[in-house]
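Reviewing the structure listed below.
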Amino acid sequence: MVALALRVTDGQRAYHRGATRQPVFTDLNLEVRTGEVLALLGPSGCGKSTLLRILAGLESLDHGRLEVFGARPSAPKVGIAFQQPSLLPWLTVAQNVALGLRFAANRAARTPDAVSRVLDELRLESVADAYPAELSGGQAQRANVARLVVTGRPILLLDEPFAALDPGTREALQDWLLDLQRARGLTLVVVTHDLSEALHLGDRVAVMSGIPGTIRRVWDVRSHGGRTDRSEAGEAVRRHILSQYDADPRPADRPTTWADTLSDSPQGR
Ligand SMILES: Nc1ncnc2c1ncn2[C@@H]1O[C@H](COP(=O)(O)OP(=O)(O)OP(=O)(O)O)[C@@H](O)[C@H]1O
Ligand SMILES: [Mg+2]
């Protein structure tokens, strides 16, 4: 049996908008395997960022269940990096990375050389004393990830981490992230709008449909010829994902109700 890092069962989440309750996602079923990279694709507004906040314990499901390593979430095991790198501008890179260790929840990871080891490992030692405004976009993203890594949490959620970077930097950081994931045995969930990135990073690729969102389908990319977006097998998976990606475009302005959305069957496994 595959060990699961995260599992959402029949997850539902809605936000209040004025007097109405607007479902974000319904019937959401998702499994994230321990030690894998799951790439999460889906149209804008289908609830990817909302799902990550729930997986990180920053928001709750209205209905359904979240399990972390097979149990109810208790001690923090999940770290999240938001869509924008949120480094504090008045602190250096090293001070930004050290900041997370001041919280009680991360006490176990607090050792005298924790920050310098992570800066070394993530190839940031040369900018340890630089301020965020002095960093390139790629360096800022690496520092953003370093802040998570230093906490020692085994599951990291990254929300469009490389979206704002030029293609060359982006490819270099994708490989950097995979090296880091392998070296530390991390479980990663990476949201992206870029199918090539999803195929390159993901052991599996999940596509959310919406709106409201649900997990439409999950592809095991690795078993289809490895992590690549260039091989023939990769090309077949790419075409299949694209066909599914377009298959259920629900106009954002169409009024939806729980009854509407509950008639869709979950496709998450
Ligand atoms: N705090 C909030 N209050 C009310 N509505 C919200 C809140 N957060 C998100 N939403 C709504 O929930 C829906 C899903 O938002 P979310 O940010 O999760 O989408 P997304 O898939 O991450 O989109 P994108 O690809 O553009 O980042 C949107 O309709 C959004 O307006
Ligand atoms: Mg988002």
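Every chain in the structure tokens has a letter given in the order shown (A, B, ...), and although residue numbers restart at 1 in each chain, ligands are simply numbered from 1 in the order shown.
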
Open item on the list: Quick one: residues within 8 Å of segment 6-20 of chain A, only C-alpha atoms, excluding same-chain residues fewer than 3 positions away - as a ChimeraX atom specification?
Closed with: /A:23-34,55,61-70

Output of the above residues as a compact mmCIF listing (two decimals), in the first residue's frame, restricted to N, CA and C atoms:
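What landed in part-v6.txt:
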```txt
# COMPACT_ATOMS: atom_id res chain seq x y z
N PRO A 23 -19.64 28.24 -3.77
CA PRO A 23 -18.74 27.10 -3.62
C PRO A 23 -17.42 27.32 -4.37
N VAL A 24 -16.32 27.01 -3.73
CA VAL A 24 -15.01 27.06 -4.42
C VAL A 24 -14.72 25.68 -4.99
N PHE A 25 -14.79 24.67 -4.11
CA PHE A 25 -14.71 23.32 -4.66
C PHE A 25 -15.65 22.39 -3.91
N THR A 26 -15.97 21.32 -4.61
CA THR A 26 -16.95 20.38 -4.07
C THR A 26 -16.45 18.98 -4.36
N ASP A 27 -16.81 18.04 -3.52
CA ASP A 27 -16.46 16.63 -3.78
C ASP A 27 -15.00 16.45 -4.13
N LEU A 28 -14.15 17.13 -3.42
CA LEU A 28 -12.74 17.08 -3.80
C LEU A 28 -12.06 15.90 -3.09
N ASN A 29 -11.52 15.00 -3.90
CA ASN A 29 -10.77 13.87 -3.36
C ASN A 29 -9.37 13.90 -3.93
N LEU A 30 -8.39 13.88 -3.04
CA LEU A 30 -7.01 13.98 -3.49
C LEU A 30 -6.10 13.22 -2.54
N GLU A 31 -5.19 12.48 -3.14
CA GLU A 31 -4.18 11.79 -2.34
C GLU A 31 -2.80 12.25 -2.80
N VAL A 32 -1.94 12.57 -1.85
CA VAL A 32 -0.56 12.93 -2.16
C VAL A 32 0.32 11.89 -1.48
N ARG A 33 1.12 11.20 -2.28
CA ARG A 33 1.93 10.10 -1.74
C ARG A 33 3.20 10.63 -1.09
N THR A 34 3.62 9.94 -0.06
CA THR A 34 4.83 10.36 0.64
C THR A 34 6.03 10.30 -0.31
N LEU A 55 -4.68 22.49 2.85
CA LEU A 55 -3.69 21.43 3.11
C LEU A 55 -2.67 21.88 4.15
N LEU A 61 -11.76 22.88 5.92
CA LEU A 61 -12.82 22.43 5.02
C LEU A 61 -14.17 22.72 5.68
N ASP A 62 -15.19 23.03 4.88
CA ASP A 62 -16.55 23.13 5.43
C ASP A 62 -17.10 21.73 5.70
N HIS A 63 -16.82 20.83 4.78
CA HIS A 63 -17.20 19.42 4.93
C HIS A 63 -16.05 18.58 4.41
N GLY A 64 -16.01 17.33 4.85
CA GLY A 64 -14.96 16.44 4.37
C GLY A 64 -13.83 16.34 5.38
N ARG A 65 -12.78 15.60 4.98
CA ARG A 65 -11.73 15.28 5.94
C ARG A 65 -10.35 15.50 5.33
N LEU A 66 -9.46 16.06 6.14
CA LEU A 66 -8.05 16.17 5.75
C LEU A 66 -7.23 15.29 6.68
N GLU A 67 -6.39 14.44 6.09
CA GLU A 67 -5.46 13.65 6.89
C GLU A 67 -4.03 13.97 6.47
N VAL A 68 -3.16 14.07 7.45
CA VAL A 68 -1.73 14.30 7.20
C VAL A 68 -1.00 13.08 7.77
N PHE A 69 -0.30 12.37 6.90
CA PHE A 69 0.34 11.10 7.28
C PHE A 69 -0.66 10.18 7.99
N GLY A 70 -1.85 10.11 7.45
CA GLY A 70 -2.83 9.14 7.92
C GLY A 70 -3.55 9.52 9.21
```

Task: Within 9 Å of ligand 2 (only C-alpha atoms and all ligand atoms), residues as a PyMOL selection string - done: chain A and resi 44-50+52+82-83+159-160+191-192

Open item on the list: When you look at segment 243-245 of chain A with a cut-off of 9 Å (counting only C-alpha atoms), what residues show up, excluding the ones that are within fewer than 2 positions of it in the same chain? I need them as a PyMOL selection string.
Closed with: chain A and resi 41-43+207-209+216-217+238-241+247-249

Go ahead and save the picked residues with C-alpha atoms, as a compact mmCIF listing (two decimals), in the first residue's frame.
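As a result, again.txt now contains:
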```txt
# COMPACT_ATOMS: atom_id res chain seq x y z
CA LEU A 41 -2.91 22.33 -12.79
CA GLY A 42 -6.24 24.05 -13.30
CA PRO A 43 -7.92 27.12 -14.68
CA VAL A 207 -5.90 18.56 -13.04
CA MET A 208 -8.59 20.53 -11.27
CA SER A 209 -11.67 21.52 -13.20
CA ARG A 216 -10.86 15.96 -12.47
CA ARG A 217 -8.11 13.46 -13.02
CA ARG A 238 0.57 16.05 -22.65
CA ARG A 239 -2.09 15.69 -25.34
CA HIS A 240 -4.34 13.71 -23.02
CA ILE A 241 -4.01 16.23 -20.20
CA ALA A 247 -13.18 19.21 -21.43
CA ASP A 248 -15.19 20.86 -18.69
CA PRO A 249 -14.97 24.61 -18.99
```

Open item on the list: For a quick check of understanding, using only C-alpha atoms and all ligand atoms, which of A:Leu177, A:Leu148, A:Leu51, A:Val118 has the smallest distance to ligand 1?
Closed with: A:Leu51

- [ ] Write out as a ChimeraX atom specification all residues of segment 66-127 of chain A that DSSP puts in strand (DSSP E or B) for this structure's backbone.
- [x] /A:66-68,71,78-81

Any chance you can output those residues with N, CA and C atoms as a PDB file, in the first residue's frame?
```pdb
ATOM      1  N   LEU A  66      -9.463  16.059   6.137  1.00  0.00           N
ATOM      2  CA  LEU A  66      -8.055  16.173   5.754  1.00  0.00           C
ATOM      3  C   LEU A  66      -7.231  15.289   6.677  1.00  0.00           C
ATOM      4  N   GLU A  67      -6.395  14.439   6.088  1.00  0.00           N
ATOM      5  CA  GLU A  67      -5.458  13.650   6.892  1.00  0.00           C
ATOM      6  C   GLU A  67      -4.030  13.974   6.468  1.00  0.00           C
ATOM      7  N   VAL A  68      -3.159  14.073   7.451  1.00  0.00           N
ATOM      8  CA  VAL A  68      -1.734  14.298   7.197  1.00  0.00           C
ATOM      9  C   VAL A  68      -0.999  13.079   7.767  1.00  0.00           C
ATOM     10  N   ALA A  71      -3.306  10.723   9.710  1.00  0.00           N
ATOM     11  CA  ALA A  71      -3.945  11.104  10.978  1.00  0.00           C
ATOM     12  C   ALA A  71      -4.522  12.514  10.854  1.00  0.00           C
ATOM     13  N   VAL A  78       3.398  20.636   7.476  1.00  0.00           N
ATOM     14  CA  VAL A  78       3.239  21.158   6.122  1.00  0.00           C
ATOM     15  C   VAL A  78       3.658  22.626   6.088  1.00  0.00           C
ATOM     16  N   GLY A  79       4.526  22.972   5.121  1.00  0.00           N
ATOM     17  CA  GLY A  79       4.900  24.370   4.909  1.00  0.00           C
ATOM     18  C   GLY A  79       4.354  24.853   3.582  1.00  0.00           C
ATOM     19  N   ILE A  80       4.072  26.140   3.488  1.00  0.00           N
ATOM     20  CA  ILE A  80       3.486  26.670   2.258  1.00  0.00           C
ATOM     21  C   ILE A  80       4.224  27.932   1.826  1.00  0.00           C
ATOM     22  N   ALA A  81       4.476  28.048   0.518  1.00  0.00           N
ATOM     23  CA  ALA A  81       5.011  29.297  -0.055  1.00  0.00           C
ATOM     24  C   ALA A  81       3.934  29.861  -0.966  1.00  0.00           C
TER      25      ALA A  81
END
```

Task: Filtered DSSP result for segment 66-268 of chain A, state alpha helix (DSSP H), as an MDAnalysis selection string - done: chainID A and resid 93:99 114:121 137:149 167:184 195:201 232:245 258:262

Could the residues in this selection be saved with C-alpha atoms as a short mmCIF file (atom, residue, chain, number, x, y, z; two decimals), in the first residue's frame?
```cif
data_model
loop_
_atom_site.label_atom_id
_atom_site.label_comp_id
_atom_site.auth_asym_id
_atom_site.auth_seq_id
_atom_site.Cartn_x
_atom_site.Cartn_y
_atom_site.Cartn_z
CA VAL A 93 18.30 36.73 3.19
CA ALA A 94 19.89 34.96 6.18
CA GLN A 95 17.62 36.84 8.60
CA ASN A 96 14.55 36.04 6.51
CA VAL A 97 15.47 32.36 6.50
CA ALA A 98 16.12 32.44 10.26
CA LEU A 99 12.77 34.07 10.99
CA ALA A 114 20.56 25.43 10.67
CA VAL A 115 20.44 28.64 8.62
CA SER A 116 23.97 28.47 7.21
CA ARG A 117 23.50 24.81 6.26
CA VAL A 118 20.32 25.55 4.35
CA LEU A 119 21.87 28.60 2.65
CA ASP A 120 24.80 26.39 1.57
CA GLU A 121 22.57 23.56 0.43
CA GLY A 137 13.73 36.94 -9.18
CA GLY A 138 15.32 33.49 -9.13
CA GLN A 139 17.34 34.23 -6.00
CA ALA A 140 14.23 35.62 -4.29
CA GLN A 141 12.32 32.43 -5.07
CA ARG A 142 15.16 30.27 -3.78
CA ALA A 143 15.24 32.34 -0.58
CA ASN A 144 11.48 31.93 -0.31
CA VAL A 145 11.84 28.14 -0.52
CA ALA A 146 14.83 28.24 1.88
CA ARG A 147 12.57 29.77 4.52
CA LEU A 148 10.35 26.71 4.27
CA VAL A 149 13.12 24.15 4.06
CA PRO A 167 12.35 30.59 -19.20
CA GLY A 168 16.05 29.90 -18.57
CA THR A 169 15.93 30.72 -14.87
CA ARG A 170 12.72 28.82 -14.58
CA GLU A 171 14.18 25.62 -16.02
CA ALA A 172 17.25 25.93 -13.80
CA LEU A 173 15.06 26.35 -10.73
CA GLN A 174 12.88 23.40 -11.66
CA ASP A 175 15.97 21.18 -11.63
CA TRP A 176 17.20 22.86 -8.45
CA LEU A 177 13.86 22.06 -6.80
CA LEU A 178 13.98 18.41 -7.89
CA ASP A 179 17.53 18.05 -6.54
CA LEU A 180 16.38 19.52 -3.24
CA GLN A 181 13.32 17.29 -3.12
CA ARG A 182 15.40 14.15 -3.73
CA ALA A 183 18.17 15.11 -1.31
CA ARG A 184 15.71 15.77 1.51
CA LEU A 195 1.93 22.04 -18.50
CA SER A 196 5.60 21.57 -19.43
CA GLU A 197 6.57 22.52 -15.90
CA ALA A 198 3.96 20.13 -14.48
CA LEU A 199 5.30 17.29 -16.63
CA HIS A 200 8.90 18.06 -15.77
CA LEU A 201 8.38 18.36 -12.02
CA GLU A 232 7.05 10.42 -27.08
CA ALA A 233 5.34 9.09 -23.96
CA GLY A 234 5.48 12.57 -22.49
CA GLU A 235 3.87 13.95 -25.64
CA ALA A 236 0.98 11.46 -25.39
CA VAL A 237 0.34 12.37 -21.76
CA ARG A 238 0.57 16.05 -22.65
CA ARG A 239 -2.09 15.69 -25.34
CA HIS A 240 -4.34 13.71 -23.02
CA ILE A 241 -4.01 16.23 -20.20
CA LEU A 242 -4.75 19.10 -22.56
CA SER A 243 -7.86 17.36 -23.86
CA GLN A 244 -9.12 16.86 -20.30
CA TYR A 245 -8.12 20.36 -19.30
CA TRP A 258 -24.50 22.75 -4.34
CA ALA A 259 -27.12 20.63 -6.12
CA ASP A 260 -25.47 21.44 -9.46
CA THR A 261 -22.03 20.56 -8.33
CA LEU A 262 -22.93 17.50 -6.34
#
```

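Nearest residue to Val205 of chain A, choosing from A:His193, A:Leu4, A:Leu40, A:Phe103 and counting only C-alpha atoms: A:Leu40.
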
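Between ligand 1 and the candidates A:Ile215, A:Val127, A:Val221, A:Val150, the tightest atom-to-atom separation, counting only C-alpha atoms and all ligand atoms, involves A:Ile215.
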
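Interatomic distance, atom CA of Thr214 of chain A to atom CA of Ser74 of chain A: 25.5 Å.
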
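When atom CA of Leu38 of chain A is paired with atom CA of Val2 of chain A, their separation reads 14.3 Å.
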
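Here atom CA of Leu101 of chain A and atom CA of Glu36 of chain A stand 25.5 Å from one another.
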
Task: Selection near segment 151-156 of chain A, 8 Å with only C-alpha atoms, sequence-local residues under 6 positions removed, as a list in words - done: Ala5, Pro76, Lys77, Val78, Gly79, Ile80, Ala81, Gly100, Leu101, Asn106, Ala109, Arg110, Gly185, Leu186, Thr187, Leu188 and Val189 of chain A
